[in-house]
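Shown next: input.cif, given as mmCIF, C-alpha atoms and all ligand atoms.
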data_run
#
loop_
_atom_site.label_atom_id
_atom_site.label_comp_id
_atom_site.auth_asym_id
_atom_site.auth_seq_id
_atom_site.Cartn_x
_atom_site.Cartn_y
_atom_site.Cartn_z
CA ALA A 38 0.00 0.00 0.00
CA ILE A 39 1.12 3.56 -0.70
CA ASP A 40 1.71 5.68 2.42
CA PRO A 41 -0.78 8.53 2.71
CA VAL A 42 0.43 12.09 2.18
CA ARG A 43 -0.55 14.59 4.87
CA VAL A 44 -1.95 17.79 3.38
CA LEU A 45 -2.54 20.85 5.55
CA VAL A 46 -5.19 23.39 4.54
CA THR A 47 -5.35 26.53 6.70
CA GLY A 48 -8.51 28.64 6.69
CA ALA A 49 -10.22 25.37 5.84
CA ALA A 50 -13.67 26.50 6.99
CA GLY A 51 -13.61 29.39 4.50
CA GLN A 52 -14.93 29.55 0.96
CA ILE A 53 -11.81 28.36 -0.83
CA GLY A 54 -11.23 25.72 1.84
CA TYR A 55 -14.72 24.33 1.31
CA ALA A 56 -14.09 23.95 -2.41
CA LEU A 57 -10.53 22.69 -1.97
CA VAL A 58 -10.75 19.88 0.58
CA PRO A 59 -13.07 17.64 -1.47
CA MET A 60 -10.81 18.09 -4.50
CA ILE A 61 -7.82 16.95 -2.46
CA ALA A 62 -9.79 14.02 -1.04
CA ARG A 63 -10.82 12.95 -4.56
CA GLY A 64 -7.24 12.84 -5.82
CA VAL A 65 -7.40 15.99 -7.96
CA MET A 66 -4.25 17.34 -6.30
CA LEU A 67 -2.03 14.27 -5.97
CA GLY A 68 -3.52 11.80 -8.41
CA PRO A 69 -6.07 8.99 -8.26
CA ASN A 70 -3.77 6.49 -6.55
CA GLN A 71 -2.39 8.63 -3.74
CA PRO A 72 -4.12 8.28 -0.35
CA VAL A 73 -4.26 11.46 1.71
CA ILE A 74 -4.79 12.57 5.30
CA LEU A 75 -6.28 16.04 5.52
CA HIS A 76 -5.16 18.44 8.24
CA MET A 77 -7.60 21.34 8.48
CA LEU A 78 -6.82 24.43 10.55
CA ASP A 79 -9.00 27.40 11.32
CA ILE A 80 -9.37 29.99 14.07
CA PRO A 81 -11.59 29.42 17.13
CA PRO A 82 -14.59 31.45 15.84
CA ALA A 83 -14.70 29.06 12.86
CA ALA A 84 -14.22 25.87 14.89
CA GLU A 85 -17.83 24.76 14.69
CA ALA A 86 -18.03 25.35 10.94
CA LEU A 87 -14.74 23.49 10.55
CA ASN A 88 -16.19 20.52 12.36
CA GLY A 89 -19.14 20.65 9.95
CA VAL A 90 -16.72 20.40 7.03
CA LYS A 91 -15.12 17.40 8.70
CA MET A 92 -18.56 15.77 9.06
CA GLU A 93 -19.22 16.31 5.35
CA LEU A 94 -15.85 14.80 4.44
CA ILE A 95 -16.76 11.70 6.42
CA ASP A 96 -20.19 11.60 4.78
CA ALA A 97 -18.69 11.83 1.31
CA ALA A 98 -16.88 8.50 1.94
CA PHE A 99 -13.90 9.36 -0.25
CA PRO A 100 -11.91 6.16 -0.82
CA LEU A 101 -8.56 7.99 -0.87
CA LEU A 102 -9.19 9.88 2.36
CA LYS A 103 -7.45 8.01 5.16
CA GLY A 104 -7.99 10.50 7.97
CA VAL A 105 -9.06 14.03 8.89
CA VAL A 106 -7.54 16.27 11.55
CA ALA A 107 -9.71 19.34 12.19
CA THR A 108 -8.21 21.68 14.73
CA THR A 109 -7.65 25.25 15.90
CA ASP A 110 -4.23 24.30 17.30
CA VAL A 111 -1.48 25.38 14.91
CA SER A 112 1.10 22.87 16.18
CA GLU A 113 -1.30 19.95 15.91
CA ALA A 114 -2.33 21.08 12.41
CA CYS A 115 1.28 21.26 11.20
CA THR A 116 2.51 17.99 12.66
CA GLY A 117 3.98 15.71 10.03
CA VAL A 118 2.51 17.54 7.04
CA ASN A 119 4.11 16.92 3.65
CA ILE A 120 2.19 19.65 1.83
CA ALA A 121 0.84 22.88 3.29
CA VAL A 122 -1.75 25.00 1.47
CA MET A 123 -2.07 28.28 3.30
CA VAL A 124 -5.50 29.74 2.56
CA GLY A 125 -6.21 31.40 5.90
CA GLY A 126 -5.48 35.07 6.16
CA PHE A 127 -6.83 38.33 7.45
CA PRO A 128 -9.12 39.88 4.85
CA ARG A 129 -8.97 43.55 4.01
CA LYS A 130 -11.98 45.20 5.59
CA GLU A 131 -13.47 48.55 4.67
CA GLY A 132 -11.58 51.46 6.17
CA MET A 133 -8.47 49.43 6.91
CA GLU A 134 -5.10 50.79 5.89
CA ARG A 135 -2.82 48.62 3.77
CA LYS A 136 -0.33 48.65 6.59
CA ASP A 137 -2.90 47.31 9.08
CA VAL A 138 -3.81 44.38 6.83
CA MET A 139 -0.14 43.69 6.20
CA SER A 140 0.63 43.78 9.88
CA LYS A 141 -2.13 41.26 10.69
CA ASN A 142 -0.94 38.88 7.99
CA VAL A 143 2.72 39.25 8.87
CA SER A 144 1.96 38.11 12.41
CA ILE A 145 -0.22 35.18 11.18
CA TYR A 146 2.45 34.01 8.71
CA LYS A 147 5.22 34.44 11.23
CA SER A 148 3.53 32.19 13.77
CA GLN A 149 2.41 29.61 11.21
CA ALA A 150 5.94 29.54 9.77
CA SER A 151 7.33 28.76 13.21
CA ALA A 152 4.85 25.91 13.63
CA LEU A 153 5.74 24.45 10.22
CA GLU A 154 9.43 24.85 11.03
CA LYS A 155 8.99 22.82 14.20
CA HIS A 156 6.40 20.25 13.26
CA ALA A 157 6.14 19.73 9.48
CA ALA A 158 7.73 16.74 7.72
CA ALA A 159 11.19 17.29 6.29
CA ASN A 160 10.95 18.61 2.75
CA CYS A 161 7.39 19.91 3.25
CA LYS A 162 6.16 21.81 0.19
CA VAL A 163 4.28 25.05 0.88
CA LEU A 164 1.78 26.95 -1.26
CA VAL A 165 0.49 30.32 -0.02
CA VAL A 166 -2.90 31.38 -1.36
CA ALA A 167 -3.98 34.06 1.12
CA ASN A 168 -3.31 37.64 0.11
CA PRO A 169 -0.92 39.37 -0.11
CA ALA A 170 0.22 35.92 -1.27
CA ASN A 171 3.77 36.71 -2.46
CA THR A 172 4.66 38.67 0.64
CA ASN A 173 3.00 36.21 3.04
CA ALA A 174 5.16 33.53 1.42
CA LEU A 175 8.26 35.65 1.92
CA ILE A 176 7.48 36.08 5.63
CA LEU A 177 6.87 32.35 5.90
CA LYS A 178 10.26 31.68 4.32
CA GLU A 179 11.91 34.07 6.74
CA PHE A 180 10.54 32.32 9.82
CA ALA A 181 10.85 28.73 8.64
CA PRO A 182 14.57 28.68 7.85
CA SER A 183 14.87 24.90 7.87
CA ILE A 184 12.34 24.53 5.05
CA PRO A 185 14.34 24.82 1.80
CA GLU A 186 13.53 28.12 0.09
CA LYS A 187 12.64 26.21 -3.09
CA ASN A 188 9.78 24.65 -1.13
CA ILE A 189 7.99 27.93 -0.45
CA THR A 190 5.76 29.19 -3.23
CA CYS A 191 2.65 31.27 -3.82
CA LEU A 192 -0.33 30.89 -6.11
CA THR A 193 -0.43 32.65 -9.47
CA ARG A 194 -1.77 29.61 -11.27
CA LEU A 195 -5.30 30.99 -11.11
CA ASP A 196 -4.13 34.04 -13.06
CA HIS A 197 -2.29 31.73 -15.46
CA ASN A 198 -5.42 29.63 -16.00
CA ARG A 199 -7.52 32.76 -16.45
CA ALA A 200 -5.11 33.87 -19.20
CA LEU A 201 -5.45 30.46 -20.93
CA GLY A 202 -9.22 30.78 -20.62
CA GLN A 203 -9.32 34.24 -22.22
CA ILE A 204 -7.20 33.10 -25.18
CA SER A 205 -9.32 30.01 -25.69
CA GLU A 206 -12.52 32.08 -25.65
CA ARG A 207 -11.11 34.67 -28.02
CA LEU A 208 -9.84 32.14 -30.57
CA ASN A 209 -12.63 29.65 -30.00
CA VAL A 210 -10.18 26.82 -29.41
CA GLN A 211 -9.95 24.20 -26.66
CA VAL A 212 -8.29 25.55 -23.56
CA SER A 213 -6.17 22.40 -23.42
CA ASP A 214 -4.67 23.33 -26.80
CA VAL A 215 -3.38 26.67 -25.48
CA ARG A 216 -0.12 26.70 -23.54
CA ASN A 217 2.84 28.65 -22.25
CA VAL A 218 1.23 31.91 -21.23
CA ILE A 219 3.16 33.51 -18.37
CA ILE A 220 2.12 35.44 -15.30
CA TRP A 221 5.02 37.59 -14.13
CA GLY A 222 5.30 39.13 -10.70
CA ASN A 223 2.80 39.85 -7.99
CA HIS A 224 -0.59 38.19 -7.49
CA SER A 225 -2.15 41.65 -7.63
CA SER A 226 -3.37 44.06 -10.28
CA THR A 227 0.24 44.79 -11.30
CA GLN A 228 0.77 41.19 -12.44
CA TYR A 229 1.76 40.89 -16.09
CA PRO A 230 -0.08 38.25 -18.13
CA ASP A 231 2.25 37.71 -21.09
CA VAL A 232 1.41 35.82 -24.29
CA SER A 233 4.68 36.56 -26.12
CA HIS A 234 5.66 32.88 -26.04
CA ALA A 235 2.21 31.27 -25.87
CA THR A 236 1.06 28.86 -28.56
CA VAL A 237 -2.03 27.02 -29.74
CA LYS A 238 -2.08 23.50 -31.12
CA THR A 239 -3.86 23.62 -34.49
CA GLN A 240 -4.38 21.18 -37.34
CA ASP A 241 -1.40 22.86 -39.03
CA GLY A 242 0.85 22.46 -35.99
CA GLU A 243 1.74 24.73 -33.10
CA LYS A 244 1.07 28.43 -33.83
CA PRO A 245 1.98 31.53 -31.80
CA VAL A 246 -0.98 33.12 -30.02
CA ARG A 247 0.17 36.53 -31.26
CA GLU A 248 -0.09 35.39 -34.88
CA LEU A 249 -3.52 33.80 -34.40
CA VAL A 250 -5.02 36.70 -32.45
CA ALA A 251 -3.38 39.23 -34.79
CA ASP A 252 -4.51 42.12 -32.62
CA ASP A 253 -1.68 43.44 -30.47
CA ASP A 254 -3.92 46.22 -29.15
CA TRP A 255 -6.18 43.62 -27.58
CA LEU A 256 -3.28 41.53 -26.29
CA ARG A 257 -1.63 44.57 -24.74
CA GLY A 258 -4.87 46.13 -23.56
CA ASP A 259 -8.16 44.40 -22.78
CA PHE A 260 -6.63 40.94 -22.50
CA ILE A 261 -4.26 42.07 -19.77
CA THR A 262 -6.82 44.10 -17.84
CA THR A 263 -9.45 41.32 -18.07
CA VAL A 264 -7.04 38.84 -16.49
CA GLN A 265 -5.88 41.37 -13.89
CA GLN A 266 -9.43 42.30 -12.92
CA ARG A 267 -11.12 38.93 -13.24
CA GLY A 268 -11.29 38.49 -9.47
CA ALA A 269 -13.27 41.72 -9.10
CA ALA A 270 -15.59 40.74 -11.99
CA ILE A 271 -16.40 37.47 -10.24
CA ILE A 272 -17.13 39.21 -6.95
CA LYS A 273 -19.49 41.52 -8.82
CA ALA A 274 -21.32 38.62 -10.47
CA ARG A 275 -21.36 36.14 -7.61
CA LYS A 276 -21.39 38.58 -4.68
CA LEU A 277 -18.64 36.29 -3.38
CA SER A 278 -15.03 35.92 -4.41
CA SER A 279 -13.77 33.18 -6.69
CA ALA A 280 -13.48 29.98 -4.72
CA LEU A 281 -13.90 27.03 -7.07
CA SER A 282 -11.39 28.33 -9.59
CA ALA A 283 -8.97 29.30 -6.80
CA ALA A 284 -9.24 25.82 -5.29
CA SER A 285 -8.88 24.12 -8.66
CA SER A 286 -5.78 26.14 -9.51
CA ALA A 287 -4.22 25.36 -6.12
CA CYS A 288 -4.58 21.68 -7.03
CA ASP A 289 -3.02 22.34 -10.45
CA HIS A 290 -0.09 24.13 -8.80
CA ILE A 291 0.73 21.28 -6.40
CA ARG A 292 0.03 18.53 -8.94
CA ASP A 293 2.36 19.93 -11.58
CA TRP A 294 5.03 20.67 -8.96
CA VAL A 295 4.93 17.20 -7.43
CA LEU A 296 4.15 15.08 -10.48
CA GLY A 297 5.90 17.25 -13.08
CA THR A 298 4.89 19.51 -15.95
CA PRO A 299 4.08 17.95 -19.33
CA GLU A 300 6.87 17.95 -21.91
CA GLY A 301 7.19 21.34 -23.60
CA THR A 302 4.76 23.04 -21.24
CA TRP A 303 5.48 25.49 -18.49
CA VAL A 304 3.23 26.94 -15.80
CA SER A 305 3.37 30.06 -13.63
CA MET A 306 4.37 29.84 -9.96
CA GLY A 307 5.34 32.44 -7.39
CA VAL A 308 8.85 31.35 -6.34
CA TYR A 309 11.90 32.76 -4.59
CA SER A 310 13.74 34.87 -7.17
CA ASP A 311 17.34 34.02 -7.93
CA GLY A 312 17.70 37.13 -10.09
CA SER A 313 16.55 35.47 -13.33
CA TYR A 314 15.30 37.97 -15.94
CA ASN A 315 16.83 40.74 -13.80
CA VAL A 316 14.08 40.39 -11.24
CA PRO A 317 15.57 41.39 -7.87
CA ALA A 318 16.75 38.32 -5.97
CA GLY A 319 15.01 37.72 -2.67
CA LEU A 320 11.44 38.48 -3.78
CA ILE A 321 8.73 35.88 -4.19
CA TYR A 322 7.88 36.58 -7.83
CA SER A 323 5.83 34.67 -10.38
CA PHE A 324 7.91 33.11 -13.17
CA PRO A 325 7.39 30.51 -15.90
CA VAL A 326 8.57 27.21 -14.44
CA THR A 327 8.82 23.57 -15.38
CA SER A 328 8.97 20.81 -12.81
CA LEU A 329 10.68 17.43 -12.73
CA ASN A 330 10.93 14.96 -9.85
CA GLY A 331 9.29 17.40 -7.45
CA GLU A 332 11.68 20.30 -8.22
CA TRP A 333 10.71 23.35 -10.20
CA SER A 334 13.10 25.42 -12.27
CA ILE A 335 12.62 28.78 -13.91
CA VAL A 336 12.42 28.60 -17.71
CA GLN A 337 15.50 30.43 -18.97
CA GLY A 338 16.39 32.29 -22.14
CA LEU A 339 13.01 33.74 -23.13
CA THR A 340 13.28 37.03 -24.99
CA ILE A 341 11.74 39.98 -23.16
CA ASP A 342 10.74 42.90 -25.38
CA GLU A 343 10.60 46.49 -24.22
CA PHE A 344 6.86 46.42 -23.46
CA SER A 345 7.28 43.32 -21.31
CA ARG A 346 10.40 44.66 -19.59
CA LYS A 347 8.50 47.65 -18.25
CA LYS A 348 5.72 45.40 -16.94
CA LEU A 349 8.18 42.99 -15.29
CA ASP A 350 9.88 45.92 -13.58
CA ALA A 351 6.67 47.60 -12.43
CA THR A 352 5.37 44.51 -10.66
CA ALA A 353 8.84 43.88 -9.15
CA GLU A 354 8.80 47.42 -7.81
CA GLU A 355 5.45 46.83 -6.14
CA LEU A 356 6.80 43.65 -4.53
CA THR A 357 9.89 45.46 -3.29
CA GLU A 358 7.62 48.02 -1.63
CA GLU A 359 5.42 45.30 -0.13
CA LYS A 360 8.51 43.60 1.23
CA ALA A 361 9.65 46.82 2.90
CA LEU A 362 6.18 47.35 4.36
CA ALA A 363 6.10 43.77 5.68
CA TYR A 364 9.53 44.13 7.29
CA SER A 365 8.49 47.42 8.87
CA CYS A 366 5.61 45.51 10.50
CA LEU A 367 8.10 43.08 12.02
CA SER A 368 10.12 45.66 13.88
P1 LIG B 1 -11.58 32.78 1.12
O1 LIG B 1 -11.52 31.34 1.39
O2 LIG B 1 -12.47 33.29 0.04
O3 LIG B 1 -10.12 33.38 0.82
C1 LIG B 1 -9.01 33.05 1.63
C2 LIG B 1 -7.81 33.84 1.23
O4 LIG B 1 -7.43 33.54 -0.10
C3 LIG B 1 -8.00 35.35 1.28
O5 LIG B 1 -6.84 35.92 1.86
C4 LIG B 1 -8.12 35.73 -0.16
O6 LIG B 1 -7.66 37.01 -0.42
C5 LIG B 1 -7.17 34.74 -0.79
N1 LIG B 1 -7.27 34.59 -2.23
C6 LIG B 1 -6.19 34.46 -3.05
N2 LIG B 1 -6.56 34.33 -4.30
C7 LIG B 1 -7.88 34.39 -4.31
C8 LIG B 1 -8.83 34.34 -5.35
N3 LIG B 1 -8.49 34.22 -6.60
N4 LIG B 1 -10.10 34.42 -5.03
C9 LIG B 1 -10.48 34.57 -3.75
N5 LIG B 1 -9.61 34.63 -2.74
C10 LIG B 1 -8.33 34.56 -3.01
O7 LIG B 1 -11.92 33.58 2.46
P2 LIG B 1 -12.90 33.22 3.64
O8 LIG B 1 -13.01 34.48 4.42
O9 LIG B 1 -14.08 32.48 3.18
O10 LIG B 1 -12.04 32.17 4.49
C11 LIG B 1 -10.88 32.52 5.16
C12 LIG B 1 -10.67 31.55 6.32
O11 LIG B 1 -9.48 31.94 6.97
C13 LIG B 1 -11.81 31.62 7.32
O12 LIG B 1 -12.25 30.32 7.62
C14 LIG B 1 -11.18 32.30 8.52
O13 LIG B 1 -11.67 31.80 9.76
C15 LIG B 1 -9.71 31.96 8.36
N6 LIG B 1 -8.84 32.97 8.94
C16 LIG B 1 -7.70 32.54 9.53
C17 LIG B 1 -6.86 33.40 10.17
C18 LIG B 1 -5.65 32.87 10.84
O14 LIG B 1 -5.15 31.84 10.44
N7 LIG B 1 -5.14 33.52 11.84
C19 LIG B 1 -7.16 34.85 10.25
C20 LIG B 1 -8.34 35.22 9.56
C21 LIG B 1 -9.16 34.30 8.93
P3 LIG B 1 -8.58 38.33 -0.36
O15 LIG B 1 -8.81 38.59 1.10
O16 LIG B 1 -7.74 39.35 -1.02
O17 LIG B 1 -9.83 37.97 -1.10
#
Show me, as structure tokens, the structure contained in the file I just sent.
Amino acid sequence: AIDPVRVLVTGAAGQIGYALVPMIARGVMLGPNQPVILHMLDIPPAAEALNGVKMELIDAAFPLLKGVVATTDVSEACTGVNIAVMVGGFPRKEGMERKDVMSKNVSIYKSQASALEKHAAANCKVLVVANPANTNALILKEFAPSIPEKNITCLTRLDHNRALGQISERLNVQVSDVRNVIIWGNHSSTQYPDVSHATVKTQDGEKPVRELVADDDWLRGDFITTVQQRGAAIIKARKLSSALSAASSACDHIRDWVLGTPEGTWVSMGVYSDGSYNVPAGLIYSFPVTSLNGEWSIVQGLTIDEFSRKKLDATAEELTEEKALAYSCLS
């Protein structure tokens, strides 16, 4: 029998958590043969709701689900986990300053990092979803020094998938035939959805998206803003933020990281910058990556035109500012 993998979901009683845990229990994240034990953490006011989610998981009788830990104790939640999906965070409320929200999240991510540092399995892989995702991940890295920095990532796969979706709608092609879009930078409105290297599989072979769309104004204008503002559009329509697509993309992120990206295909992940593409080292920044044997690497050697360069720099600048703000909350 295959040993179960322990997967932590924080903020598990929330919207994204509710969509995410059944996906994990069904094998969407780690494949149809991998048993899992779910560790669900939430804060005391959500304890009763969390227990309700646990009851539903039992009632769903998922064959791959070998156990459920539902707790408000951070140490218990982190014990022995192989994968940690950090969805819990302090939401921005009306009237709150950016600095106040940052300060709340810095203290949450600092304490959760310490718990992972002490109690998680060696080589635990971490995905931060809660906003500000890149900077929360950076704080987590700072306070969990024994977790390799390559194991700490943040979610930009939803933005990546949204970009694939927009191209597929525009060209009326299957989304699975579109590949190699890139999300650069911050999971915020300064992110840069880039199709310069994206292609579509057609009956006449692989074609560049730019050639097929043949409308650079759209690609440099409405396409980018639609992807950047998709979250707000969903809130407007649903009166709730995107949860199913966020959960689904979190599964995509971990699956491709652990099981590998398909040949010739890259995906976007927020990872610790090594200075590639002249992005300042030491930021958590979204890059195109491939993954093999559970290790991602940044795709190298892509040409960056002047338009893209400006966008890469602008989102890096925002992340540098966020980093400074986060560190000012620590002192
Ligand atoms: P959601 O489950 O909708 O969202 C959780 C987090 O994911 C938020 O920070 C949200 O950011 C972020 N997020 C990132 N990408 C997306 C996306 N594409 N769409 C929507 N959200 C995205 O929030 P809920 O309020 O339903 O649940 C949060 C849970 O966290 C609750 O159960 C709560 O009890 C728990 N919590 C835990 C805390 C802790 O650990 N100390 C503190 C506060 C809450 P954004 O806010 O920008 O939408």
If you count all atoms listed in the file, which residues end up within 6 Å of ligand LIG 1 (chain B), as a list in words?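 Counting all atoms listed in the file, the residues within 6 Å of ligand LIG 1 (chain B) come out as Gly48, Ala49, Ala50, Gly51, Gln52, Ile53, Gly54, Asp79, Ile80, Ala83, Val124, Gly125, Gly126, Phe127, Pro128, Arg129, Ile145, Val166, Ala167, Asn168, Gly268, Ser278, Ser279, Ala280 and Ala283 of chain A.
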For a quick check of understanding, using all atoms listed in the file, which of A:Ala84, A:Val143, A:Leu78, A:Leu339 has the smallest distance to Asn217 in chain A?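 Closest to Asn217 in chain A of all the choices is A:Leu339.
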So that I can check the surroundings of Val326 in chain A, please list as a ChimeraX atom specification every protein, DNA and RNA residue that reaches within 7 Å of it, counting only C-alpha atoms and ignoring chain neighbours fewer than 2 positions away. /A:303-306,324,328,333-336
Using all atoms listed in the file, collect all residues at a distance of at most 12 Å from (3.5, 41.1, -12.3) as written in the file, then present them as a PyMOL selection string. chain A and resi 171+193+196-197+219-231+261+264-265+305-307+316+320-325+345-357
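For the set A:Gly258, A:Ile189, A:Pro81, A:Thr302, the residue with the smallest atom-to-atom gap to Val237 in chain A is A:Thr302, counting only C-alpha atoms.
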Nearby residues (all atoms listed in the file) at most 9 Å from Glu332 in chain A, same-chain spacing under 5 positions excluded, as JSON, numbers by chain: {"A": [187, 188, 294, 295, 297, 327]}
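CA of Gly338 in chain A lies 25.8 Å from CA of Gln203 in chain A.
Ranking A:Arg275, A:Lys136, A:Lys162, A:Arg247 by their shortest atom-to-atom distance to Ser365 in chain A, with all atoms listed in the file included, puts A:Lys136 first.
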Among the residues A:Gln266, A:Glu359, A:Asp214, A:Lys91, the one that comes closest to Gly242 in chain A [using all atoms listed in the file]: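 Closest residue, counting all atoms listed in the file: A:Asp214.
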Would you compute an axis-aligned box for range 193-206 of chain A, covering every atom listed for it in the file with 6 Å of margin on each side, and report centre and edge lengths in Å to one decimal as JSON?
{"center_x": -6.5, "center_y": 31.9, "center_z": -17.6, "size_x": 24.1, "size_y": 16.6, "size_z": 28.2}
Which distance in Å separates CA of Gly132 in chain A and CA of Cys366 in chain A, to one decimal?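 So the answer is 18.7 Å.
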List the spatial neighbours of Ala157 in chain A as a PyMOL selection string - criterion: any atom at most 6 Å away, all atoms listed in the file, same-chain residues fewer than 3 positions off excluded. chain A and resi 115-118+153
Smallest atom-to-atom distance to Asn330 in chain A: which of A:Ala56, A:Ala98, A:Cys161, A:Leu296, using all atoms listed in the file?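 Comparing A:Ala56, A:Ala98, A:Cys161, A:Leu296 against Asn330 in chain A, the winner is A:Leu296.
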Pick out the closest residue to Ile341 in chain A from this set: A:Arg207, A:Glu179, A:Arg216, A:Tyr314. Count only C-alpha atoms.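 Of A:Arg207, A:Glu179, A:Arg216, A:Tyr314, the one nearest Ile341 in chain A, counting only C-alpha atoms, is A:Tyr314.
Interatomic distance, CA of Ile204 in chain A to CA of Asp253 in chain A: 12.9 Å.
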Using all atoms listed in the file, which protein or nucleic acid residues come within 8 Å of Arg292 in chain A? Drop anything in the same chain fewer than 4 positions from it, and give the result as a list in words. Val65, Met66, Leu67, Gly68, Cys288, Leu296 and Gly297 of chain A
Hey, can you spit out that residue selection with C-alpha atoms as a PDB file, in the frame of the given file?
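The result, written out as part-v7.pdb:
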ATOM      1  CA  VAL A  65      -7.400  15.990  -7.960  1.00  0.00           C
ATOM      2  CA  MET A  66      -4.250  17.340  -6.300  1.00  0.00           C
ATOM      3  CA  LEU A  67      -2.030  14.270  -5.970  1.00  0.00           C
ATOM      4  CA  GLY A  68      -3.520  11.800  -8.410  1.00  0.00           C
ATOM      5  CA  CYS A 288      -4.580  21.680  -7.030  1.00  0.00           C
ATOM      6  CA  LEU A 296       4.150  15.080 -10.480  1.00  0.00           C
ATOM      7  CA  GLY A 297       5.900  17.250 -13.080  1.00  0.00           C
TER       8      GLY A 297
END
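Non-sequential neighbours of Val250 in chain A (distance at most 12 Å, separation of 2 or more positions within a chain, all atoms listed in the file) are Gln203, Ile204, Ser205, Glu206, Arg207, Leu208, Asn209, Val210, Val232, Ser233, Ala235, Thr236, Val237, Lys244, Pro245, Val246, Arg247, Glu248, Asp252, Asp253, Asp254, Trp255, Leu256, Arg257 and Phe260 of chain A.
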Because some atoms of range 43-57 of chain A are absent here, can you restore N, CA and C atoms and send them as a compact mmCIF listing (two decimals), in the coordinates of the input?
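Contents of selection.txt, as written:
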# COMPACT_ATOMS: atom_id res chain seq x y z
N ARG A 43 0.20 13.68 4.00
CA ARG A 43 -0.55 14.59 4.87
C ARG A 43 -0.58 15.98 4.26
N VAL A 44 -1.79 16.47 4.02
CA VAL A 44 -1.95 17.79 3.38
C VAL A 44 -2.64 18.73 4.35
N LEU A 45 -1.96 19.82 4.69
CA LEU A 45 -2.54 20.85 5.55
C LEU A 45 -3.27 21.89 4.70
N VAL A 46 -4.48 22.24 5.12
CA VAL A 46 -5.19 23.39 4.54
C VAL A 46 -5.52 24.33 5.70
N THR A 47 -4.99 25.55 5.67
CA THR A 47 -5.35 26.53 6.70
C THR A 47 -6.54 27.35 6.19
N GLY A 48 -7.30 27.92 7.10
CA GLY A 48 -8.51 28.64 6.69
C GLY A 48 -9.50 27.70 6.05
N ALA A 49 -9.48 26.44 6.53
CA ALA A 49 -10.22 25.37 5.84
C ALA A 49 -11.73 25.52 5.93
N ALA A 50 -12.21 26.32 6.88
CA ALA A 50 -13.67 26.50 6.99
C ALA A 50 -14.16 27.62 6.06
N GLY A 51 -13.24 28.28 5.39
CA GLY A 51 -13.61 29.39 4.50
C GLY A 51 -14.09 28.88 3.16
N GLN A 52 -14.39 29.85 2.29
CA GLN A 52 -14.93 29.55 0.96
C GLN A 52 -14.00 28.69 0.11
N ILE A 53 -12.75 29.11 0.01
CA ILE A 53 -11.81 28.36 -0.83
C ILE A 53 -11.58 27.00 -0.20
N GLY A 54 -11.43 26.98 1.11
CA GLY A 54 -11.23 25.72 1.84
C GLY A 54 -12.34 24.72 1.55
N TYR A 55 -13.57 25.21 1.53
CA TYR A 55 -14.72 24.33 1.31
C TYR A 55 -14.70 23.71 -0.10
N ALA A 56 -14.19 24.48 -1.04
CA ALA A 56 -14.09 23.95 -2.41
C ALA A 56 -12.85 23.04 -2.56
N LEU A 57 -11.83 23.35 -1.79
CA LEU A 57 -10.53 22.69 -1.97
C LEU A 57 -10.46 21.30 -1.32
